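Structure file coords-v9.txt (compact mmCIF, C-alpha atoms and all ligand atoms) is printed below.
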# COMPACT_ATOMS: atom_id res chain seq x y z
CA MET A 29 -231.91 -8.37 -110.62
CA ILE A 30 -231.83 -10.84 -113.46
CA ALA A 31 -233.54 -9.67 -116.61
CA ARG A 32 -236.50 -11.91 -117.27
CA SER A 33 -235.27 -12.57 -120.79
CA GLU A 34 -231.97 -13.91 -119.51
CA ARG A 35 -232.83 -17.59 -119.47
CA GLY A 36 -229.23 -18.72 -119.43
CA CYS A 37 -229.91 -21.89 -117.39
CA GLU A 38 -232.49 -23.30 -119.79
CA GLY A 39 -232.86 -27.05 -119.44
CA MET A 40 -230.67 -27.37 -116.34
CA LYS A 41 -231.84 -29.12 -113.19
CA ALA A 42 -231.50 -27.75 -109.68
CA VAL A 43 -231.39 -29.56 -106.35
CA ILE A 44 -232.88 -27.67 -103.42
CA LEU A 45 -231.66 -28.82 -100.01
CA ALA A 46 -234.84 -28.74 -98.01
CA GLY A 47 -234.40 -31.45 -95.38
CA GLY A 48 -233.08 -29.61 -92.32
CA GLU A 49 -235.02 -29.45 -89.07
CA GLY A 50 -234.65 -25.68 -88.83
CA THR A 51 -233.95 -25.85 -85.11
CA ARG A 52 -233.06 -22.17 -84.85
CA LEU A 53 -236.53 -21.20 -86.06
CA ARG A 54 -238.31 -23.30 -83.46
CA PRO A 55 -241.06 -23.33 -82.37
CA LEU A 56 -242.31 -22.15 -85.80
CA THR A 57 -240.59 -25.09 -87.54
CA LEU A 58 -241.88 -27.76 -85.15
CA THR A 59 -244.91 -28.13 -87.36
CA THR A 60 -244.05 -26.10 -90.48
CA PRO A 61 -240.71 -27.02 -92.10
CA LYS A 62 -238.52 -24.04 -92.99
CA PRO A 63 -238.89 -24.46 -96.79
CA VAL A 64 -242.62 -23.73 -96.53
CA VAL A 65 -242.73 -21.07 -93.82
CA PRO A 66 -244.63 -18.12 -95.26
CA VAL A 67 -242.52 -15.23 -96.46
CA VAL A 68 -244.96 -12.35 -96.97
CA ASP A 69 -247.55 -13.84 -99.32
CA ARG A 70 -246.10 -17.26 -100.29
CA PRO A 71 -244.23 -20.30 -98.94
CA PHE A 72 -240.53 -19.53 -98.78
CA LEU A 73 -239.36 -21.88 -101.53
CA ARG A 74 -241.74 -20.24 -103.99
CA HIS A 75 -239.36 -17.26 -103.95
CA GLN A 76 -236.45 -19.57 -104.89
CA LEU A 77 -238.50 -21.33 -107.55
CA ASP A 78 -239.41 -17.91 -108.99
CA LEU A 79 -235.70 -17.08 -109.29
CA LEU A 80 -234.92 -20.43 -110.90
CA ARG A 81 -237.81 -20.25 -113.34
CA ARG A 82 -236.80 -16.76 -114.48
CA THR A 83 -233.43 -18.16 -115.49
CA GLY A 84 -234.99 -21.06 -117.43
CA VAL A 85 -234.74 -23.83 -114.81
CA THR A 86 -238.06 -25.65 -114.78
CA GLU A 87 -237.06 -29.02 -113.33
CA VAL A 88 -236.11 -29.21 -109.68
CA VAL A 89 -235.29 -31.96 -107.18
CA PHE A 90 -236.36 -31.21 -103.62
CA SER A 91 -234.06 -33.05 -101.27
CA VAL A 92 -236.21 -33.66 -98.21
CA ALA A 93 -235.98 -35.44 -94.88
CA TYR A 94 -237.86 -33.48 -92.20
CA ARG A 95 -241.66 -33.45 -92.58
CA PRO A 96 -241.48 -34.15 -96.32
CA GLU A 97 -245.25 -34.59 -96.55
CA ARG A 98 -245.79 -30.92 -95.62
CA ILE A 99 -243.50 -29.80 -98.43
CA GLN A 100 -245.09 -32.19 -100.92
CA ALA A 101 -248.55 -30.98 -99.94
CA VAL A 102 -247.59 -27.40 -100.80
CA PHE A 103 -245.66 -27.94 -104.05
CA GLY A 104 -246.91 -31.29 -105.38
CA ASP A 105 -245.40 -32.14 -108.76
CA GLY A 106 -244.89 -28.44 -109.57
CA SER A 107 -247.37 -28.37 -112.43
CA ARG A 108 -249.35 -25.51 -110.87
CA LEU A 109 -246.18 -23.42 -111.13
CA GLY A 110 -245.31 -24.60 -114.61
CA MET A 111 -242.40 -26.66 -113.27
CA ARG A 112 -241.51 -30.31 -112.66
CA ILE A 113 -240.65 -31.08 -109.05
CA HIS A 114 -239.16 -34.42 -108.00
CA TYR A 115 -238.56 -35.49 -104.42
CA ALA A 116 -235.46 -37.30 -103.16
CA VAL A 117 -236.55 -38.42 -99.70
CA GLU A 118 -234.03 -39.42 -97.01
CA GLU A 119 -235.04 -42.04 -94.46
CA THR A 120 -232.63 -40.40 -92.03
CA PRO A 121 -231.12 -36.96 -92.65
CA LEU A 122 -227.93 -37.27 -94.70
CA GLY A 123 -226.54 -33.77 -94.20
CA THR A 124 -226.03 -31.30 -97.03
CA GLY A 125 -223.56 -33.60 -98.86
CA GLY A 126 -225.40 -36.89 -98.43
CA ALA A 127 -228.57 -35.15 -99.55
CA VAL A 128 -227.09 -34.19 -102.94
CA LYS A 129 -225.64 -37.71 -103.32
CA ASN A 130 -229.10 -39.12 -102.63
CA ALA A 131 -230.50 -37.02 -105.49
CA GLU A 132 -227.75 -38.12 -107.93
CA PRO A 133 -229.85 -40.61 -109.96
CA LEU A 134 -232.20 -37.75 -110.88
CA LEU A 135 -229.47 -35.39 -112.16
CA ASP A 136 -227.83 -34.58 -115.51
CA ASP A 137 -224.19 -33.54 -116.21
CA THR A 138 -224.20 -30.13 -114.56
CA THR A 139 -226.34 -29.36 -111.53
CA ILE A 140 -227.30 -26.24 -109.63
CA VAL A 141 -227.57 -26.74 -105.85
CA PHE A 142 -229.36 -24.31 -103.54
CA ASN A 143 -229.63 -24.33 -99.77
CA GLY A 144 -233.36 -24.20 -99.22
CA ASP A 145 -233.18 -21.23 -96.87
CA VAL A 146 -231.46 -18.53 -98.90
CA LEU A 147 -233.07 -15.65 -100.74
CA THR A 148 -230.90 -13.88 -103.27
CA ASP A 149 -230.83 -12.05 -106.57
CA VAL A 150 -227.64 -13.79 -107.68
CA ASP A 151 -227.07 -13.74 -111.44
CA LEU A 152 -227.34 -17.51 -111.86
CA PRO A 153 -226.90 -17.57 -115.66
CA ARG A 154 -223.60 -15.75 -115.17
CA VAL A 155 -222.43 -18.20 -112.49
CA VAL A 156 -223.32 -21.12 -114.77
CA ALA A 157 -221.61 -19.48 -117.77
CA GLU A 158 -218.43 -18.91 -115.75
CA HIS A 159 -218.55 -22.49 -114.46
CA ILE A 160 -218.81 -23.89 -117.98
CA ALA A 161 -216.25 -21.52 -119.53
CA THR A 162 -213.61 -22.35 -116.91
CA HIS A 163 -214.32 -26.12 -116.94
CA ALA A 164 -214.59 -26.04 -113.16
CA ALA A 165 -215.54 -29.17 -111.22
CA ALA A 166 -217.49 -26.98 -108.82
CA THR A 167 -218.32 -23.30 -108.53
CA LEU A 168 -219.40 -21.84 -105.20
CA VAL A 169 -221.26 -18.57 -104.81
CA LEU A 170 -219.76 -16.43 -102.06
CA THR A 171 -221.26 -13.41 -100.38
CA PRO A 172 -219.75 -10.70 -98.17
CA VAL A 173 -220.77 -10.53 -94.49
CA ALA A 174 -219.92 -8.05 -91.78
CA ASN A 175 -218.51 -10.63 -89.38
CA PRO A 176 -216.86 -13.42 -91.39
CA SER A 177 -215.18 -14.94 -88.30
CA ALA A 178 -218.45 -16.62 -87.34
CA TYR A 179 -218.46 -18.62 -90.60
CA GLY A 180 -216.26 -20.91 -92.64
CA LEU A 181 -214.07 -18.83 -94.92
CA VAL A 182 -213.25 -19.55 -98.55
CA GLU A 183 -209.91 -18.17 -99.66
CA LEU A 184 -209.37 -17.44 -103.38
CA ASP A 185 -206.49 -16.60 -105.66
CA GLU A 186 -206.71 -13.61 -108.02
CA THR A 187 -208.36 -15.72 -110.76
CA GLY A 188 -211.24 -16.83 -108.54
CA ARG A 189 -209.84 -20.31 -107.90
CA VAL A 190 -210.44 -21.58 -104.37
CA ARG A 191 -207.14 -21.93 -102.52
CA ARG A 192 -208.38 -23.27 -99.21
CA PHE A 193 -211.33 -23.57 -96.85
CA LEU A 194 -210.96 -22.29 -93.32
CA GLU A 195 -213.35 -23.30 -90.55
CA LYS A 196 -213.54 -21.03 -87.49
CA PRO A 197 -210.59 -18.86 -88.54
CA LYS A 198 -208.43 -17.03 -85.98
CA PRO A 199 -208.53 -13.20 -86.33
CA SER A 200 -205.07 -13.26 -87.96
CA GLU A 201 -206.32 -15.72 -90.60
CA ILE A 202 -209.22 -13.55 -91.77
CA THR A 203 -208.11 -12.38 -95.18
CA THR A 204 -211.52 -12.06 -96.81
CA ASP A 205 -215.06 -10.93 -95.94
CA THR A 206 -216.82 -13.45 -98.16
CA ILE A 207 -218.53 -16.64 -97.01
CA ASN A 208 -220.19 -19.58 -98.69
CA ALA A 209 -223.67 -18.46 -99.80
CA GLY A 210 -225.07 -22.00 -100.06
CA ILE A 211 -225.42 -21.94 -103.87
CA TYR A 212 -223.27 -24.16 -106.08
CA VAL A 213 -222.87 -25.36 -109.65
CA LEU A 214 -221.38 -28.86 -109.82
CA GLN A 215 -220.27 -31.33 -112.40
CA THR A 216 -222.46 -34.23 -111.35
CA SER A 217 -219.59 -36.67 -112.02
CA THR A 218 -217.80 -35.26 -108.96
CA LEU A 219 -220.46 -36.82 -106.75
CA ALA A 220 -218.60 -40.12 -107.27
CA LEU A 221 -216.35 -38.83 -104.51
CA MET A 222 -219.19 -38.85 -102.00
CA PRO A 223 -219.89 -41.96 -99.97
CA PRO A 224 -223.47 -43.11 -100.60
CA ALA A 225 -225.98 -43.06 -97.73
CA VAL A 226 -223.51 -41.47 -95.30
CA ASN A 227 -224.33 -38.26 -93.47
CA HIS A 228 -221.79 -35.60 -94.43
CA SER A 229 -221.50 -31.92 -95.17
CA ILE A 230 -221.04 -30.57 -98.69
CA GLU A 231 -219.22 -27.50 -97.41
CA ARG A 232 -217.01 -29.04 -94.74
CA ALA A 233 -216.28 -32.49 -96.26
CA PHE A 234 -217.01 -32.66 -100.00
CA PHE A 235 -215.53 -29.36 -101.24
CA PRO A 236 -212.29 -29.69 -99.22
CA ASN A 237 -211.96 -33.28 -100.55
CA LEU A 238 -212.48 -32.08 -104.10
CA LEU A 239 -209.80 -29.46 -103.61
CA SER A 240 -207.30 -31.85 -102.07
CA ARG A 241 -207.58 -34.24 -105.01
CA GLY A 242 -206.67 -31.32 -107.27
CA ASP A 243 -210.00 -30.55 -108.94
CA LEU A 244 -210.69 -27.01 -110.07
CA VAL A 245 -213.00 -25.42 -107.51
CA ARG A 246 -213.92 -21.83 -108.30
CA ALA A 247 -215.96 -19.09 -106.70
CA HIS A 248 -218.27 -16.36 -107.87
CA VAL A 249 -218.56 -13.43 -105.47
CA HIS A 250 -222.10 -12.06 -105.34
CA ARG A 251 -222.37 -8.57 -103.89
CA GLY A 252 -226.11 -8.13 -104.38
CA TYR A 253 -228.95 -9.27 -102.13
CA TRP A 254 -228.46 -12.42 -100.04
CA ILE A 255 -229.96 -13.56 -96.78
CA ASP A 256 -230.51 -16.90 -95.12
CA ILE A 257 -233.77 -16.97 -93.23
CA GLY A 258 -232.57 -19.46 -90.61
CA THR A 259 -232.99 -17.38 -87.43
CA PRO A 260 -235.94 -15.38 -86.10
CA GLU A 261 -234.03 -12.11 -86.59
CA LYS A 262 -233.23 -12.87 -90.22
CA TYR A 263 -236.70 -14.23 -90.89
CA LEU A 264 -238.12 -10.90 -89.69
CA GLN A 265 -235.45 -9.02 -91.67
CA VAL A 266 -236.38 -10.69 -94.96
CA HIS A 267 -239.92 -9.35 -94.50
CA ARG A 268 -238.62 -5.84 -93.88
CA ASP A 269 -236.46 -6.15 -97.00
CA ILE A 270 -239.32 -7.28 -99.21
CA LEU A 271 -241.77 -4.70 -97.86
CA GLY A 272 -239.15 -1.97 -98.16
CA GLY A 273 -238.27 -2.89 -101.75
CA GLY A 274 -234.76 -4.14 -100.87
CA PHE A 275 -235.67 -7.42 -102.53
CA PRO A 276 -238.25 -6.90 -105.24
CA VAL A 277 -241.24 -9.26 -105.17
CA THR A 278 -244.51 -8.63 -106.95
CA LEU A 279 -246.95 -9.09 -104.09
CA GLU A 280 -250.51 -10.17 -104.59
CA GLY A 281 -252.69 -7.23 -103.69
CA GLN A 282 -252.99 -3.54 -104.23
CA GLY A 283 -251.16 -0.55 -102.84
CA VAL A 284 -252.98 1.15 -99.94
CA ALA A 285 -251.42 3.82 -97.69
CA GLY A 286 -247.88 2.69 -98.49
CA GLY A 287 -248.65 -1.00 -97.97
CA TRP A 288 -250.25 -3.91 -99.84
CA VAL A 289 -253.68 -5.32 -99.22
CA HIS A 290 -254.90 -8.59 -100.72
CA PRO A 291 -258.19 -8.22 -102.67
CA ASP A 292 -259.88 -10.69 -100.27
CA ALA A 293 -258.84 -8.78 -97.12
CA THR A 294 -261.09 -6.37 -95.22
CA ILE A 295 -259.75 -3.25 -93.61
CA GLU A 296 -262.52 -1.25 -91.96
CA PRO A 297 -262.63 2.51 -92.24
CA GLY A 298 -260.99 4.02 -89.17
CA VAL A 299 -257.98 1.69 -89.16
CA LYS A 300 -254.72 3.63 -88.82
CA LEU A 301 -252.33 2.43 -91.52
CA GLN A 302 -248.66 3.22 -91.80
CA GLY A 303 -246.66 1.50 -94.52
CA PRO A 304 -244.99 -0.56 -95.55
CA PHE A 305 -247.18 -3.49 -94.49
CA TYR A 306 -248.91 -6.50 -96.01
CA VAL A 307 -252.43 -7.67 -95.21
CA GLY A 308 -253.09 -11.08 -96.77
CA ALA A 309 -256.09 -13.02 -98.05
CA GLY A 310 -259.09 -13.29 -95.74
CA CYS A 311 -257.69 -10.97 -93.04
CA ARG A 312 -260.08 -8.64 -91.18
CA VAL A 313 -258.75 -5.55 -89.47
CA LEU A 314 -261.43 -3.76 -87.45
CA ALA A 315 -261.95 -0.02 -86.96
CA GLY A 316 -259.60 1.59 -84.47
CA ALA A 317 -256.77 -0.93 -84.94
CA GLU A 318 -253.32 0.26 -86.00
CA ILE A 319 -251.19 -1.49 -88.60
CA GLY A 320 -247.71 -0.03 -88.46
CA PRO A 321 -244.56 -0.32 -90.58
CA GLY A 322 -243.22 -3.82 -91.14
CA THR A 323 -246.44 -5.64 -90.24
CA VAL A 324 -247.18 -8.78 -92.25
CA LEU A 325 -250.50 -10.57 -91.73
CA ALA A 326 -250.08 -13.74 -93.80
CA ALA A 327 -253.73 -14.84 -94.25
CA ARG A 328 -257.02 -15.03 -92.30
CA VAL A 329 -255.73 -12.97 -89.38
CA ASN A 330 -258.35 -11.06 -87.38
CA VAL A 331 -257.30 -7.87 -85.63
CA ALA A 332 -259.67 -6.37 -83.04
CA PRO A 333 -260.27 -2.66 -82.38
CA ARG A 334 -257.43 -0.66 -80.83
CA ALA A 335 -254.89 -3.46 -81.26
CA ARG A 336 -251.51 -2.10 -82.42
CA LEU A 337 -249.09 -4.06 -84.61
CA SER A 338 -245.73 -3.13 -86.08
CA ASP A 339 -242.60 -4.89 -87.37
CA CYS A 340 -244.10 -8.34 -86.90
CA VAL A 341 -245.03 -11.41 -88.91
CA VAL A 342 -248.33 -13.07 -88.05
CA TRP A 343 -249.20 -16.42 -89.61
CA GLU A 344 -252.51 -17.72 -90.86
CA GLY A 345 -255.51 -18.01 -88.59
CA THR A 346 -254.24 -15.86 -85.72
CA GLU A 347 -256.63 -13.75 -83.65
CA VAL A 348 -255.42 -10.50 -82.12
CA GLY A 349 -257.58 -9.18 -79.27
CA GLU A 350 -258.64 -5.65 -78.39
CA GLU A 351 -255.85 -3.30 -77.35
CA ALA A 352 -253.19 -5.97 -77.79
CA TRP A 353 -249.80 -4.55 -78.72
CA ILE A 354 -247.46 -6.63 -80.90
CA GLU A 355 -244.08 -5.32 -81.94
CA GLY A 356 -240.91 -6.96 -83.34
CA ALA A 357 -242.35 -10.48 -82.95
CA LEU A 358 -243.25 -13.64 -84.85
CA LEU A 359 -246.57 -15.38 -84.27
CA GLY A 360 -247.18 -18.87 -85.70
CA LEU A 361 -250.31 -20.55 -87.01
CA GLY A 362 -253.58 -20.04 -85.19
CA VAL A 363 -252.26 -18.11 -82.18
CA ARG A 364 -254.88 -16.46 -79.97
CA VAL A 365 -253.78 -13.17 -78.46
CA GLY A 366 -256.15 -11.97 -75.76
CA ARG A 367 -257.19 -8.47 -74.79
CA ARG A 368 -254.44 -6.02 -73.77
CA VAL A 369 -251.71 -8.63 -74.32
CA ARG A 370 -248.22 -7.18 -74.89
CA VAL A 371 -246.02 -9.21 -77.26
CA THR A 372 -242.55 -7.72 -77.04
CA PRO A 373 -239.63 -7.52 -79.51
CA GLY A 374 -237.88 -10.84 -80.05
CA ALA A 375 -240.87 -12.99 -79.05
CA VAL A 376 -241.50 -16.10 -81.16
CA VAL A 377 -244.89 -17.62 -80.41
CA GLY A 378 -245.59 -21.20 -81.54
CA GLU A 379 -248.61 -22.69 -83.29
CA GLY A 380 -251.88 -22.69 -81.38
CA THR A 381 -250.58 -20.75 -78.36
CA TYR A 382 -253.19 -18.94 -76.28
CA LEU A 383 -251.98 -15.75 -74.63
CA SER A 384 -254.68 -14.93 -72.15
CA ASP A 385 -255.87 -11.38 -71.47
CA TYR A 386 -253.23 -9.03 -70.05
CA SER A 387 -250.33 -11.49 -70.65
CA ARG A 388 -246.89 -10.13 -71.45
CA THR A 389 -244.11 -12.00 -73.25
CA ALA A 390 -241.34 -10.26 -71.30
P1 LIG B 401 -230.83 -25.30 -88.13
O1 LIG B 401 -231.24 -26.56 -87.46
O2 LIG B 401 -231.54 -24.11 -87.56
O3 LIG B 401 -229.35 -25.10 -88.23
O4 LIG B 401 -231.38 -25.32 -89.64
P2 LIG B 401 -231.20 -26.43 -90.78
O5 LIG B 401 -231.63 -27.75 -90.26
O6 LIG B 401 -231.95 -25.95 -91.97
O7 LIG B 401 -229.66 -26.48 -91.06
P3 LIG B 401 -228.81 -25.53 -92.00
O8 LIG B 401 -229.36 -24.14 -91.91
O9 LIG B 401 -227.39 -25.71 -91.70
O10 LIG B 401 -229.10 -26.16 -93.43
C1 LIG B 401 -228.79 -25.49 -94.63
C2 LIG B 401 -229.71 -26.04 -95.70
O11 LIG B 401 -229.46 -27.43 -95.88
C3 LIG B 401 -231.17 -25.90 -95.35
O12 LIG B 401 -231.86 -25.54 -96.54
C4 LIG B 401 -231.57 -27.29 -94.88
O13 LIG B 401 -232.93 -27.59 -95.20
C5 LIG B 401 -230.64 -28.19 -95.66
N1 LIG B 401 -230.27 -29.39 -94.90
C6 LIG B 401 -229.59 -29.43 -93.73
N2 LIG B 401 -229.42 -30.72 -93.35
C7 LIG B 401 -230.01 -31.49 -94.29
C8 LIG B 401 -230.19 -32.90 -94.46
O14 LIG B 401 -229.76 -33.72 -93.64
N3 LIG B 401 -230.86 -33.32 -95.56
C9 LIG B 401 -231.35 -32.45 -96.49
N4 LIG B 401 -232.01 -32.94 -97.54
N5 LIG B 401 -231.21 -31.11 -96.37
C10 LIG B 401 -230.55 -30.63 -95.28

Go ahead and express the file in the form of structure tokens.
Ligand code: GTP
Amino acid sequence: MIARSERGCEGMKAVILAGGEGTRLRPLTLTTPKPVVPVVDRPFLRHQLDLLRRTGVTEVVFSVAYRPERIQAVFGDGSRLGMRIHYAVEETPLGTGGAVKNAEPLLDDTTIVFNGDVLTDVDLPRVVAEHIATHAAATLVLTPVANPSAYGLVELDETGRVRRFLEKPKPSEITTDTINAGIYVLQTSTLALMPPAVNHSIERAFFPNLLSRGDLVRAHVHRGYWIDIGTPEKYLQVHRDILGGGFPVTLEGQGVAGGWVHPDATIEPGVKLQGPFYVGAGCRVLAGAEIGPGTVLAARVNVAPRARLSDCVVWEGTEVGEEAWIEGALLGLGVRVGRRVRVTPGAVVGEGTYLSDYSRTA
């Protein structure tokens, strides 16, 4: 992790790409855009803002297109977080490249760009320092993955200079295990290369163009924590990682039986608790219920007697009925789970769904 004193990005601005529809996280993202889905005890982008603020970045441009009003309602002008947040709103989505171009008038000479769905402990001051020291036009953060063939590959020379980009590589072309992590440092002047108001991709169009005109494009390989929360599996995984200490976050609440309980939550005596778990503000867990490892109750969730929950994320306002059994699942806002309902691993239940008594999801 970055030492809190290491404020090596002081005064720099960051653009956060937060305008995607998040189709792979539907139905959760039909009403709640991915940048503000809860991740344990706070909207996702708060985790990114926390990282940026620790490095000295206090001014951020949110590049938004899908449900911008929901994002603005959560973050406002940033003053509650001690930051300044601007919004560059797209009338129609401009893709990851067009989105940065759209934010250009708000930027200074050197800009940090973050995909709005990645959580990482990357050493940003170091990436920025390398970028400046090498006079690069752009520096990409790369991260290793187990199966790089499913991604676009970035091939480097021994000095860290990008040699070429490879989309959908054949097995014989896979010479590296690192992929684009969705975090960049750019000289803002390079954005002159981007066509204004045209939908295009920063990774598939802009960076290859920059390379082919001979600009210095470099990479920083980050081997620490990195995840993108874009699928239900990874969204669940990020909760396991935070609860298990794999990504350190100071959660609001106090330690109880290997988990965390918000001061405004009620857990009746006679609840069986097995950590790690998180029980958020205003939740009520009644006697005889079981909260097992990996359970996250975001806020105002009521759990009835003898209900059993484990390895699941339950959003605000959900009601869990008596003897319901929820495991390995995601439940959106205000879901009502009836008596003896079985919600099985892999289930993703959208906002306001009513699962009547004895229902099963598979
Ligand atoms: P899927 O639909 O599930 O692929 O998710 P997504 O829409 O978020 O797309 P993807 O994961 O490829 O996007 C990566 C990042 O870029 C996310 O943080 C998105 O919010 C952001 N993004 C994608 N497209 C746009 C866009 O057109 N405009 C803006 N401002 N951001 C975008």

- Given a cut-off of 9 Å, what residues near ligand LIG 401 (chain B) show up using all atoms listed in the file, put as number ranges by chain? A: 44-54, 61-63, 90-94, 116-118, 120-128, 130, 142-146, 210, 227-229, 256-259

- Could you tell me how far atom CA of A:Ile207 lies from atom CA of A:His250, in Å and to one decimal? 10.2 Å

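The interatomic distance for the pair atom CA of A:Gly180 and atom CA of A:Asn208 works out to 7.3 Å.
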
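Ranking A:Lys41, A:Arg191, A:Arg232, A:Arg70 by their shortest atom-to-atom distance to A:Glu344, with all atoms listed in the file included, puts A:Arg70 first.
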
- Query: stretch 377-390 of chain A: which residues within 9 Å, counting only C-alpha atoms, same-chain residues fewer than 5 positions away excluded, as a ChimeraX atom specification?
  - Reply: /A:54-59,343,346,349,352,357-372

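Going from atom CA of A:Ile270 to atom CA of A:Ser177 covers 27.6 Å.
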
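Once A:Cys37 and its same-chain neighbours fewer than 3 positions away are set aside, Glu34, Met40, Lys41, Leu80, Thr83, Gly84, Val85, Leu152, Pro153, Val156 and Ala157 of chain A remain within 9 Å of it when counting only C-alpha atoms.
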
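Between A:Ala131 and the residues A:Pro260, A:Glu231, A:Thr216, A:Ile211, the shortest atom-to-atom distance, using all atoms listed in the file, involves A:Thr216.
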
Emit as AutoDock Vina command-line options the padded axis-aligned box for all listed atoms of stretch 282-294 of chain A, 3 Å per side, with centre and edge lengths in Å to one decimal.
--center_x -254.5 --center_y -3.4 --center_z -99.7 --size_x 19.2 --size_y 20.5 --size_z 15.0

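Of the residues under consideration (A:Asp243, A:Leu264, A:Val331, A:Tyr179), A:Leu264 shows the shortest atom-to-atom contact distance to A:Val65 when counting all atoms listed in the file.
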
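Distances from A:Arg189, A:Arg95, A:Arg81, A:Arg35 to A:Gly110 were compared using all atoms listed in the file, and the smallest one belongs to A:Arg81.
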
- Shell around stretch 161-170 of chain A at 6 Å using all atoms listed in the file, local window under 6 positions removed, as a PyMOL selection string: chain A and resi 206-209+211-215+244-250

Show which residues sit within 9 Å of A:Phe103, as an mmCIF file with C-alpha atoms, keeping the file's coordinate frame. Count only C-alpha atoms, and ignore same-chain residues fewer than 5 positions away.
data_model
loop_
_atom_site.group_PDB
_atom_site.id
_atom_site.type_symbol
_atom_site.label_atom_id
_atom_site.label_comp_id
_atom_site.auth_asym_id
_atom_site.auth_seq_id
_atom_site.Cartn_x
_atom_site.Cartn_y
_atom_site.Cartn_z
ATOM 1 C CA ARG A 74 -241.740 -20.240 -103.990
ATOM 2 C CA ARG A 98 -245.790 -30.920 -95.620
ATOM 3 C CA ARG A 108 -249.350 -25.510 -110.870
ATOM 4 C CA LEU A 109 -246.180 -23.420 -111.130
ATOM 5 C CA ILE A 113 -240.650 -31.080 -109.050
#

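Nearest to A:Leu135 of all the residues A:Ser217, A:Glu183, A:Leu314, A:Gln100 is A:Ser217, based on all atoms listed in the file.
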
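Each of A:Val102, A:Asp136, A:Glu97, A:Leu184 was checked against A:Val43 using only C-alpha atoms; the smallest atom-to-atom distance is that of A:Asp136.
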
- Message: Give me the residues near A:Pro297 as a PyMOL selection string, where near means some atom within 12 Å (using all atoms listed in the file) and where sequence neighbours in that chain fewer than 6 positions away do not count.
- Response: chain A and resi 312-318+333

I'd like a table as a Markdown table: residues in stretch 199-299 of chain A with an atom no more than 9 Å from stretch 324-327 of chain A, each row giving the shortest atom pair and its distance in Å to one decimal, only C-alpha atoms counted, sorted by chain and rising residue number.
| residue | atom | partner | partner_atom | distance |
| --- | --- | --- | --- | --- |
| A:His267 | CA | A:Val324 | CA | 7.6 |
| A:Leu271 | CA | A:Val324 | CA | 8.8 |
| A:Ala293 | CA | A:Ala327 | CA | 8.4 |

Write the residues of the preceding selection, restricted to C-alpha atoms, as a JSON list (two decimals), keeping the file's coordinate frame.
[["chain", "number", "residue", "atom", "x", "y", "z"],
["A", 267, "HIS", "CA", -239.92, -9.35, -94.50],
["A", 271, "LEU", "CA", -241.77, -4.70, -97.86],
["A", 293, "ALA", "CA", -258.84, -8.78, -97.12]]
